[in-house]
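Novice: Pasting in a structure now, in structure tokens, and then I'll have a few things to ask.
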Amino acid sequence: MVLAFQILLVIISALLILLVLLHKGKGGGLSDLFGGGISSSLGGSSAAERNLDRITIGLGLVWAALIVGLGLLLKS
């Protein structure tokens, strides 16, 4: 059971890294100092971005639950 939780944790961690990197930058970073923030989107967030947010939050909750579950399994 512990091995299954650890494998799931590694997979979900990698997916979370990928999903966070897919998010659009909000600006205010170092690229704005050198002219990288000139092109800004005039519209709101698209459906794809909202879905990406939802998936990221969902996987984050699953990741947190796996951390707690793994901690409880290893404690006993």
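Identifiers in this document derive from the order of the structure tokens: chains are assigned A, B, ..., residues are numbered from 1 separately in each chain, and ligands are numbered from 1 in order of occurrence.
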Can you tell me, as a list in words, what residues are no more than 12 Å from Ala65 in chain A when counting only C-alpha atoms, ignoring any on the same chain fewer than 5 positions away?
Specialist: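 Once the adjacent positions are removed, what remains is Phe5, Leu8, Leu9, Ile12, Gly58, Leu59, Gly60, Leu70, Gly71 and Leu72 of chain A.
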Novice: Please determine, counting only C-alpha atoms, which residue among A:Met1, A:Val62, A:Leu74, A:Ile55 has the shortest atom-to-atom distance to Ser13 in chain A.
Specialist: A:Val62
Novice: At what distance in Å, to one decimal, does CA of Ile57 in chain A lie from CA of Leu73 in chain A?
Specialist: 24.2 Å
Novice: Between A:Ser46, A:Trp63, A:Lys75, A:Val2, which is the closest to Lys24 in chain A once you count only C-alpha atoms?
Specialist: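 Nearest candidate to Lys24 in chain A out of A:Ser46, A:Trp63, A:Lys75, A:Val2: A:Ser46.
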Novice: Using only C-alpha atoms, which of the listed residues (A:Ala4, A:Leu22, A:Ala48, A:Ala14) sits closest to Gly69 in chain A?
Specialist: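 Checking each of A:Ala4, A:Leu22, A:Ala48, A:Ala14 against Gly69 in chain A, counting only C-alpha atoms, the winner is A:Ala4.
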Novice: Taking only C-alpha atoms into account, name the residue in A:Val68, A:Leu61, A:Gln6, A:Val20 that is nearest to Glu49 in chain A.
Specialist: A:Val20
